[in-house]
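Enquirer: Input file: coords_9.cif. Contents: mmCIF, C-alpha atoms.
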```cif
data_upload
loop_
_atom_site.label_atom_id
_atom_site.label_comp_id
_atom_site.auth_asym_id
_atom_site.auth_seq_id
_atom_site.Cartn_x
_atom_site.Cartn_y
_atom_site.Cartn_z
CA MET A 1 88.35 78.40 144.32
CA ASN A 2 89.25 80.58 141.45
CA GLN A 3 92.36 81.92 143.10
CA PRO A 4 94.81 79.45 141.59
CA SER A 5 93.47 79.95 138.09
CA ALA A 6 93.45 83.76 138.54
CA MET A 7 97.01 83.63 139.76
CA LYS A 8 97.93 81.43 136.85
CA THR A 9 96.35 83.87 134.44
CA GLU A 10 98.17 86.76 136.09
CA LEU A 11 101.46 84.92 135.87
CA SER A 12 100.96 84.05 132.25
CA ARG A 13 100.06 87.70 131.53
CA ALA A 14 103.26 88.82 133.18
CA ALA A 15 105.22 86.21 131.26
CA ASP A 16 103.64 87.33 128.00
CA LEU A 17 104.46 90.94 128.74
CA GLU A 18 108.00 90.07 129.66
CA LEU A 19 108.35 88.10 126.45
CA ALA A 20 107.05 91.00 124.35
CA GLU A 21 109.33 93.50 126.07
CA ALA A 22 112.30 91.20 125.64
CA THR A 23 111.53 90.98 121.91
CA LEU A 24 111.37 94.75 121.64
CA ARG A 25 114.64 95.09 123.54
CA ARG A 26 116.26 92.65 121.14
CA VAL A 27 115.01 94.64 118.16
CA ALA A 28 116.31 97.83 119.76
CA ALA A 29 119.68 96.25 120.33
CA LEU A 30 120.21 95.01 116.78
CA PRO A 31 123.58 96.27 115.60
CA ALA A 32 123.89 98.89 112.91
CA PRO A 33 125.39 97.70 109.63
CA ALA A 34 129.13 98.03 109.18
CA GLY A 35 130.33 101.19 107.50
CA LEU A 36 127.21 103.18 108.37
CA GLU A 37 129.19 106.14 109.69
CA ALA A 38 131.40 106.24 106.59
CA ARG A 39 128.33 106.27 104.33
CA VAL A 40 126.75 109.07 106.34
CA HIS A 41 129.99 111.07 106.13
CA ALA A 42 130.03 110.53 102.37
CA ALA A 43 126.42 111.69 102.07
CA LEU A 44 127.24 114.81 104.05
CA GLU A 45 130.25 115.50 101.83
CA LYS A 46 128.07 115.31 98.74
CA ALA A 47 125.40 117.59 100.18
CA PRO A 48 125.56 121.24 99.11
CA ARG A 49 127.27 123.37 101.74
CA HIS A 50 125.45 126.62 101.16
CA ALA A 51 122.05 127.59 99.96
CA LYS A 52 122.26 128.68 96.34
CA VAL A 53 120.81 132.10 95.67
CA LEU A 54 120.83 133.24 92.09
CA PRO A 55 122.48 136.66 92.07
CA TRP A 56 120.83 139.57 90.37
CA PRO A 57 123.36 140.55 87.70
CA VAL A 58 123.53 144.24 88.42
CA ALA A 59 123.31 144.00 92.17
CA ALA A 60 126.07 141.43 92.15
CA HIS A 61 128.46 143.97 90.66
CA GLY A 62 127.75 146.44 93.42
CA GLY A 63 125.28 149.23 93.79
CA GLY A 64 121.57 149.17 93.48
CA THR A 65 119.46 148.87 90.39
CA PRO A 66 119.79 152.00 88.21
CA ASN A 67 116.69 154.01 87.54
CA TRP A 68 116.89 153.63 83.78
CA LEU A 69 116.88 149.87 84.15
CA ARG A 70 113.83 150.01 86.39
CA GLY A 71 112.11 152.24 83.84
CA ALA A 72 112.98 149.89 81.01
CA ALA A 73 111.68 146.92 82.96
CA ALA A 74 108.44 148.74 83.75
CA ALA A 75 108.06 149.76 80.09
CA ALA A 76 108.63 146.19 78.99
CA ILE A 77 105.96 144.94 81.38
CA VAL A 78 103.50 147.59 80.18
CA ALA A 79 104.27 146.72 76.53
CA VAL A 80 103.68 143.03 77.14
CA ILE A 81 100.38 143.64 78.90
CA ALA A 82 99.17 146.19 76.31
CA GLY A 83 100.22 143.94 73.42
CA GLY A 84 98.40 141.00 74.90
CA SER A 85 95.27 143.02 75.50
CA TRP A 86 95.33 144.39 71.95
CA GLY A 87 95.80 140.91 70.55
CA ILE A 88 92.74 139.68 72.39
CA TYR A 89 90.71 142.73 71.37
CA ALA A 90 91.69 142.43 67.71
CA ARG A 91 90.80 138.78 67.52
CA VAL A 92 87.41 139.03 69.11
CA GLN A 93 84.84 140.61 66.72
CA PRO A 94 81.68 142.35 67.98
CA GLY A 95 78.83 139.92 67.96
CA GLU A 96 75.88 139.98 65.51
CA PRO A 97 72.53 141.23 66.72
CA SER A 98 70.59 138.75 68.62
CA ARG A 99 68.39 136.38 66.68
CA ALA A 100 66.13 135.78 69.53
CA VAL A 101 62.44 135.71 68.58
CA THR A 102 60.38 138.26 70.39
CA LEU A 103 57.31 136.85 71.94
CA PRO A 104 53.96 138.24 70.80
CA ARG A 105 52.39 140.72 73.09
CA VAL A 106 49.27 139.70 74.85
CA ASN A 107 46.49 142.22 75.11
CA ALA A 108 45.75 143.38 78.53
CA THR A 109 42.05 142.73 77.84
CA GLY A 110 42.76 139.13 76.93
CA GLY A 111 42.50 137.28 73.65
CA PHE A 112 45.03 136.99 70.93
CA ALA A 113 47.34 139.74 69.95
CA ASN A 114 48.36 140.41 66.39
CA ALA A 115 51.91 139.28 67.16
CA GLY A 116 53.26 142.26 65.34
CA ALA A 117 51.57 141.44 62.04
CA MET A 118 51.12 144.36 59.60
CA ARG A 119 47.65 143.39 58.48
CA THR A 120 45.11 141.82 60.67
CA PRO A 121 42.36 139.93 58.88
CA GLN A 122 38.90 140.58 60.10
CA THR A 123 37.68 137.21 60.94
CA LEU A 124 34.57 138.05 62.82
CA SER A 125 32.82 140.46 60.49
CA ALA A 126 31.82 139.07 57.17
CA PRO A 127 33.85 140.25 54.18
CA ALA A 128 32.21 143.02 52.22
CA VAL A 129 31.67 142.22 48.52
CA ASN A 130 33.14 144.83 46.31
CA ALA A 131 30.57 145.76 43.63
CA GLN A 132 33.04 147.45 41.35
CA PRO A 133 34.77 145.24 38.78
CA LYS A 134 38.34 144.68 39.18
CA PRO A 135 40.63 146.57 36.92
CA ALA A 136 42.01 144.57 34.01
CA GLN A 137 45.31 143.15 34.68
CA THR A 138 48.05 144.25 32.37
CA ASN A 139 50.32 141.40 33.03
CA ALA A 140 51.05 139.50 29.80
CA ALA A 141 51.60 136.28 31.56
CA THR A 142 48.09 136.13 32.81
CA PRO A 143 45.61 134.60 30.42
CA LYS A 144 43.50 137.15 28.62
CA PRO A 145 39.82 137.08 29.33
CA VAL A 146 37.85 135.42 26.65
CA ALA A 147 36.02 137.85 24.48
CA PRO A 148 32.26 137.70 24.80
CA VAL A 149 30.63 135.58 22.12
CA LYS A 150 28.64 137.62 19.71
CA LYS A 151 25.07 136.68 19.56
CA HIS A 152 23.82 135.58 16.18
CA THR A 153 21.49 138.09 14.90
CA THR A 154 20.46 136.18 11.79
CA ALA A 155 17.01 134.96 11.89
CA VAL A 156 16.32 131.36 11.99
CA ARG A 157 15.24 130.15 8.83
CA MET B 1 146.09 139.59 97.86
CA GLU B 2 144.72 140.39 101.27
CA ILE B 3 142.26 138.06 103.03
CA ALA B 4 139.65 139.78 105.14
CA PRO B 5 139.68 138.77 108.83
CA GLY B 6 135.90 138.18 108.67
CA ALA B 7 136.37 135.58 105.96
CA VAL B 8 138.98 133.78 108.05
CA ARG B 9 136.62 133.80 111.02
CA ASP B 10 133.79 132.40 108.88
CA GLN B 11 136.04 129.66 107.56
CA THR B 12 137.13 128.73 111.07
CA ARG B 13 133.52 128.64 112.25
CA GLN B 14 132.55 126.41 109.35
CA ASP B 15 135.43 124.07 110.09
CA ASP B 16 134.36 123.87 113.72
CA GLN B 17 130.79 123.09 112.73
CA GLN B 18 132.02 120.47 110.30
CA ALA B 19 134.11 118.81 112.97
CA ALA B 20 131.20 118.90 115.45
CA LEU B 21 128.89 117.31 112.90
CA ALA B 22 131.42 114.60 112.09
CA ALA B 23 131.73 113.84 115.79
CA LEU B 24 127.95 113.56 116.09
CA VAL B 25 127.87 111.11 113.20
CA ASP B 26 130.56 108.96 114.76
CA GLU B 27 128.87 108.96 118.14
CA TYR B 28 125.18 108.67 117.36
CA ALA B 29 124.71 107.21 113.88
CA SER B 30 124.41 103.73 115.31
CA THR B 31 121.82 104.75 117.92
CA LEU B 32 119.80 106.60 115.34
CA TYR B 33 119.92 103.59 113.05
CA ARG B 34 118.54 101.33 115.76
CA VAL B 35 115.73 103.78 116.53
CA ALA B 36 114.89 104.02 112.85
CA PHE B 37 115.06 100.27 112.36
CA SER B 38 112.73 99.56 115.30
CA VAL B 39 109.99 101.47 113.49
CA LEU B 40 110.75 100.85 109.82
CA ARG B 41 112.04 97.25 110.13
CA ASN B 42 114.04 97.65 106.97
CA ALA B 43 117.80 98.14 106.94
CA ALA B 44 117.96 100.29 103.80
CA ASP B 45 115.08 102.51 104.90
CA ALA B 46 116.58 102.91 108.35
CA GLU B 47 119.94 103.94 106.89
CA ASP B 48 118.22 106.44 104.60
CA ALA B 49 116.44 107.91 107.59
CA VAL B 50 119.74 108.30 109.45
CA GLN B 51 121.32 110.06 106.48
CA GLU B 52 118.32 112.33 106.15
CA ALA B 53 118.52 113.19 109.84
CA PHE B 54 122.16 114.23 109.55
CA LEU B 55 121.45 116.19 106.40
CA ARG B 56 118.83 118.11 108.36
CA VAL B 57 121.41 118.74 111.05
CA LEU B 58 123.80 119.98 108.37
CA ARG B 59 121.19 122.46 107.17
CA HIS B 60 120.69 123.73 110.72
CA ARG B 61 124.29 123.48 111.84
CA ASP B 62 124.24 127.08 113.02
CA THR B 63 121.93 126.05 115.86
CA LEU B 64 124.12 123.16 117.00
CA GLY B 65 125.59 125.23 119.80
CA GLU B 66 122.16 125.94 121.27
CA VAL B 67 121.23 122.26 121.63
CA ARG B 68 121.40 121.04 125.21
CA ASP B 69 121.29 117.28 124.68
CA HIS B 70 122.47 116.26 121.23
CA ARG B 71 121.50 112.63 121.67
CA VAL B 72 117.86 113.28 122.49
CA TRP B 73 117.72 116.03 119.87
CA LEU B 74 119.02 113.69 117.16
CA ILE B 75 116.71 110.87 118.22
CA ARG B 76 113.79 113.28 118.03
CA ILE B 77 114.81 114.28 114.49
CA VAL B 78 115.14 110.71 113.28
CA TRP B 79 111.94 109.72 115.11
CA ASN B 80 109.96 112.33 113.22
CA ILE B 81 111.53 111.22 109.95
CA VAL B 82 110.70 107.55 110.47
CA LEU B 83 107.13 108.26 111.57
CA ASP B 84 106.64 110.33 108.45
CA ARG B 85 108.06 107.56 106.29
CA LYS B 86 105.97 104.94 108.04
CA ARG B 87 102.85 107.02 107.42
CA ARG B 88 103.70 107.32 103.74
CA ALA B 89 104.53 103.63 103.49
CA LYS B 90 101.01 102.82 104.68
CA THR B 91 99.81 103.59 101.17
CA ARG B 92 102.03 100.87 99.76
CA PRO B 93 101.00 97.23 99.99
CA GLU B 94 102.05 95.80 103.35
CA THR B 95 104.94 93.38 103.37
CA ASP B 96 105.36 90.76 106.01
CA ASP B 97 108.31 92.47 107.64
CA ILE B 98 107.47 91.05 111.06
CA ALA B 99 108.28 87.52 109.97
CA ASP B 100 111.56 88.76 108.48
CA LEU B 101 112.42 90.60 111.66
CA ALA B 102 111.61 87.63 113.87
CA ARG B 103 113.98 85.61 111.72
CA VAL B 104 116.93 88.01 112.08
CA LEU B 105 116.68 88.42 115.84
CA PRO B 106 119.69 86.83 117.50
CA ALA B 107 119.20 83.36 118.94
CA ARG B 108 122.66 82.16 119.80
CA GLY B 109 123.20 79.07 121.87
CA LEU B 110 119.79 77.65 121.07
CA THR B 111 118.98 74.39 119.44
CA ALA B 112 117.15 74.38 116.15
CA GLU B 113 113.89 73.57 117.89
CA GLU B 114 114.36 76.29 120.49
CA ARG B 115 115.25 78.72 117.76
CA ALA B 116 112.06 77.96 115.89
CA GLN B 117 110.06 78.38 119.08
CA ALA B 118 111.79 81.68 119.87
CA ARG B 119 111.07 82.87 116.36
CA GLN B 120 107.38 82.09 116.82
CA GLN B 121 107.33 83.95 120.13
CA HIS B 122 109.04 86.99 118.64
CA ASP B 123 106.61 86.92 115.76
CA ARG B 124 103.64 86.81 118.13
CA ALA B 125 105.03 89.64 120.27
CA LEU B 126 105.76 91.88 117.30
CA ARG B 127 102.31 91.33 115.83
CA CYS B 128 100.73 92.24 119.15
CA VAL B 129 102.85 95.39 119.39
CA GLU B 130 101.69 96.27 115.90
CA GLN B 131 98.07 96.08 117.08
CA LEU B 132 98.60 98.64 119.84
CA PRO B 133 97.23 102.15 119.31
CA ALA B 134 99.83 104.47 117.78
CA LYS B 135 100.52 106.52 120.91
CA GLU B 136 100.97 103.51 123.14
CA ARG B 137 103.03 101.71 120.53
CA GLU B 138 105.42 104.64 120.17
CA VAL B 139 106.06 104.82 123.91
CA MET B 140 106.51 101.06 124.04
CA LEU B 141 109.06 101.08 121.23
CA LEU B 142 111.08 103.90 122.74
CA SER B 143 111.02 102.37 126.20
CA ALA B 144 112.80 99.35 124.78
CA PHE B 145 115.91 101.46 124.27
CA GLU B 146 118.05 101.18 127.33
CA GLU B 147 119.66 104.54 126.73
CA LEU B 148 116.34 106.39 127.00
CA ASN B 149 114.64 107.10 130.31
CA SER B 150 111.08 108.39 130.66
CA VAL B 151 112.19 112.05 130.72
CA GLU B 152 114.09 111.60 127.48
CA ILE B 153 111.20 109.72 125.89
CA SER B 154 108.95 112.63 126.83
CA GLU B 155 111.40 115.02 125.12
CA VAL B 156 111.51 112.89 121.99
CA LEU B 157 107.72 112.66 121.78
CA GLY B 158 107.11 116.23 122.90
CA ILE B 159 104.79 115.23 125.77
CA THR B 160 105.01 115.34 129.56
CA GLU B 161 106.71 112.67 131.57
CA SER B 162 103.45 111.76 133.30
CA SER B 163 101.88 111.18 129.89
CA VAL B 164 104.73 108.85 129.05
CA ARG B 165 104.14 106.89 132.22
CA SER B 166 100.39 106.61 131.73
CA ARG B 167 100.78 105.61 128.10
CA LEU B 168 103.33 103.01 129.06
CA PHE B 169 100.98 101.62 131.69
CA ARG B 170 98.14 101.38 129.18
CA ALA B 171 100.46 99.88 126.56
CA ARG B 172 101.63 97.14 128.92
CA ASN B 173 98.09 96.21 129.90
CA LEU B 174 96.92 96.13 126.31
CA LEU B 175 99.96 94.19 125.21
CA SER B 176 99.53 91.47 127.82
CA ASP B 177 95.84 91.18 126.89
CA LEU B 178 96.68 90.87 123.22
CA MET B 179 99.42 88.34 123.89
CA GLY B 180 97.06 86.24 126.00
CA ARG B 181 94.34 86.34 123.38
CA ARG B 182 96.75 85.38 120.65
CA ARG B 183 98.10 82.50 122.74
CA GLU B 184 94.59 81.17 123.35
CA THR B 185 93.67 81.26 119.68
CA LYS B 186 96.74 79.22 118.75
#
```
Here is the file; what I need is its structure written in the form of structure tokens.
Expert:
Amino acid sequence: MNQPSAMKTELSRAADLELAEATLRRVAALPAPAGLEARVHAALEKAPRHAKVLPWPVAAHGGGTPNWLRGAAAAAIVAVIAGGSWGIYARVQPGEPSRAVTLPRVNATGGFANAGAMRTPQTLSAPAVNAQPKPAQTNAATPKPVAPVKKHTTAVR
Amino acid sequence: MEIAPGAVRDQTRQDDQQAALAALVDEYASTLYRVAFSVLRNAADAEDAVQEAFLRVLRHRDTLGEVRDHRVWLIRIVWNIVLDRKRRAKTRPETDDIADLARVLPARGLTAEERAQARQQHDRALRCVEQLPAKEREVMLLSAFEELNSVEISEVLGITESSVRSRLFRARNLLSDLMGRRRETK
């Protein structure tokens, strides 16, 4: 039943393939443009014949590199490297001491540490009252203590 | 002034190489152009590829004497050049070169209507070839050249002859499928 249609499909496949191959053959057979060979010859004429190697001036005049020249070249390289290093060293100043804040130490027994303070106020024990009077201050700027008022000794009339 | 015999020998050798290269250009430039054009589909690009191929030969002219088959060797050189160019051209926006190519294909002795129909068929075929996987497409393109047999195609592609045959078989099957599908959608 399906044989005629299968054969038809097969034939059309073959025809399609033949058509595609014929197209490719036509593309492959397209002629080259006129004067192609002449242009290729011209391009080859323009191309450099030999690889260019820059000659080393001394070696080009015969003989190897003299020792003094090698020494001078080495000295020049050393001078350049040393000069560069010195330039970098001279420009970079040693840094200031670190301003980092040191953290307060924590007592091993717990609680607050004094955080490096010179005087630690006693906050737990009550302050002791000093019985002795304070010495008079000699500073002129401070107001002088008012002299004690003399008591009237006259009798009341 | 005395001329050293070595210098004379060198000059003679260079002249011989030059003459051999010129002969290669005269004989194979056209073939190389057609190979390049079948891939690049652009006359200027194909000509550039041919020139580049011969410039490569010029750089390696010392090895010319060792080459067994100059034709296949040159086709291999230009083939590698055009594949490289095609790969690089992929980054550029695609142009509809297939339509242009279908237009320039010869259609002598046909009426205007037949010519238009042939152009459509060429267009369809070329678009289907373009859809083939790269390996199959390459074998298909090279097999279209009458001057290349399967052994020479294998030398150009650097694969075995049996690989060429199997790729060609696959390419033909795929191509007829694609052509049929494209015909049905029209």
Enquirer: With 6 Å as the limit and counting all atoms listed in the file, what residues in chain B lie close to chain A? Please list them as number ranges by chain.
Expert: B: 26, 30, 34, 38, 51, 122, 125, 144-145, 176, 179
Enquirer: So the first atom is atom CA of B:Leu32 and the second is atom CA of B:Gln131; what is the distance between them in Å, to one decimal place?
Expert: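 It comes out at 24.2 Å.
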Enquirer: Hey, can you check how far atom CA of A:Pro66 sits from atom CA of A:Gly84?
Expert: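 Interatomic distance, atom CA of A:Pro66 to atom CA of A:Gly84: 27.5 Å.
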Enquirer: Mind pulling up the distance from atom CA of B:Val57 to atom CA of B:Gln14?
Expert: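 Here the two named atoms are 13.6 Å from each other.
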Enquirer: Quick check on the file I pasted: which residues fall under the PyMOL selection byres ((chain B and resi 156-173) around 8)? Write them as an mmCIF file with C-alpha atoms, in the coordinates of the input.
Expert:
```cif
data_model
loop_
_atom_site.group_PDB
_atom_site.id
_atom_site.type_symbol
_atom_site.label_atom_id
_atom_site.label_comp_id
_atom_site.auth_asym_id
_atom_site.auth_seq_id
_atom_site.Cartn_x
_atom_site.Cartn_y
_atom_site.Cartn_z
ATOM 1 C CA LEU A 17 104.460 90.940 128.740
ATOM 2 C CA VAL B 72 117.860 113.280 122.490
ATOM 3 C CA TRP B 73 117.720 116.030 119.870
ATOM 4 C CA ILE B 75 116.710 110.870 118.220
ATOM 5 C CA ARG B 76 113.790 113.280 118.030
ATOM 6 C CA TRP B 79 111.940 109.720 115.110
ATOM 7 C CA LEU B 132 98.600 98.640 119.840
ATOM 8 C CA LYS B 135 100.520 106.520 120.910
ATOM 9 C CA GLU B 136 100.970 103.510 123.140
ATOM 10 C CA ARG B 137 103.030 101.710 120.530
ATOM 11 C CA VAL B 139 106.060 104.820 123.910
ATOM 12 C CA MET B 140 106.510 101.060 124.040
ATOM 13 C CA SER B 150 111.080 108.390 130.660
ATOM 14 C CA VAL B 151 112.190 112.050 130.720
ATOM 15 C CA GLU B 152 114.090 111.600 127.480
ATOM 16 C CA ILE B 153 111.200 109.720 125.890
ATOM 17 C CA SER B 154 108.950 112.630 126.830
ATOM 18 C CA GLU B 155 111.400 115.020 125.120
ATOM 19 C CA LEU B 174 96.920 96.130 126.310
ATOM 20 C CA LEU B 175 99.960 94.190 125.210
ATOM 21 C CA SER B 176 99.530 91.470 127.820
ATOM 22 C CA ASP B 177 95.840 91.180 126.890
#
```
Enquirer: Using only C-alpha atoms, find all polymer residues with an atom at most 9 Å away from the point (116.0, 105.2, 113.2); report them as a VMD selection string.
Expert: chain B and resid 29 to 40 45 to 50 75 78 to 79 81 to 82
Enquirer: Using the selection just defined, write its residues with C-alpha atoms as a PDB file, in the coordinates of the input.
Expert:
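This went into again-v2.pdb:
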```
ATOM      1  CA  ALA B  29     124.710 107.210 113.880  1.00  0.00           C
ATOM      2  CA  SER B  30     124.410 103.730 115.310  1.00  0.00           C
ATOM      3  CA  THR B  31     121.820 104.750 117.920  1.00  0.00           C
ATOM      4  CA  LEU B  32     119.800 106.600 115.340  1.00  0.00           C
ATOM      5  CA  TYR B  33     119.920 103.590 113.050  1.00  0.00           C
ATOM      6  CA  ARG B  34     118.540 101.330 115.760  1.00  0.00           C
ATOM      7  CA  VAL B  35     115.730 103.780 116.530  1.00  0.00           C
ATOM      8  CA  ALA B  36     114.890 104.020 112.850  1.00  0.00           C
ATOM      9  CA  PHE B  37     115.060 100.270 112.360  1.00  0.00           C
ATOM     10  CA  SER B  38     112.730  99.560 115.300  1.00  0.00           C
ATOM     11  CA  VAL B  39     109.990 101.470 113.490  1.00  0.00           C
ATOM     12  CA  LEU B  40     110.750 100.850 109.820  1.00  0.00           C
ATOM     13  CA  ASP B  45     115.080 102.510 104.900  1.00  0.00           C
ATOM     14  CA  ALA B  46     116.580 102.910 108.350  1.00  0.00           C
ATOM     15  CA  GLU B  47     119.940 103.940 106.890  1.00  0.00           C
ATOM     16  CA  ASP B  48     118.220 106.440 104.600  1.00  0.00           C
ATOM     17  CA  ALA B  49     116.440 107.910 107.590  1.00  0.00           C
ATOM     18  CA  VAL B  50     119.740 108.300 109.450  1.00  0.00           C
ATOM     19  CA  ILE B  75     116.710 110.870 118.220  1.00  0.00           C
ATOM     20  CA  VAL B  78     115.140 110.710 113.280  1.00  0.00           C
ATOM     21  CA  TRP B  79     111.940 109.720 115.110  1.00  0.00           C
ATOM     22  CA  ILE B  81     111.530 111.220 109.950  1.00  0.00           C
ATOM     23  CA  VAL B  82     110.700 107.550 110.470  1.00  0.00           C
TER      24      VAL B  82
END
```
Enquirer: I need the residue nearest B:Arg87 from this list: B:Ala43, B:Leu21, B:Ala53, B:Ala134. Use all atoms listed in the file for the distance.
Expert: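 Of the candidates, the smallest distance to B:Arg87 is held by B:Ala134.
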Enquirer: With only C-alpha atoms as the atoms that count, which of A:Ala6, A:Trp68, A:Ala75, A:Gly35 lies nearest to B:Val25?
Expert: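 For B:Val25, the nearest of the candidates is A:Gly35.
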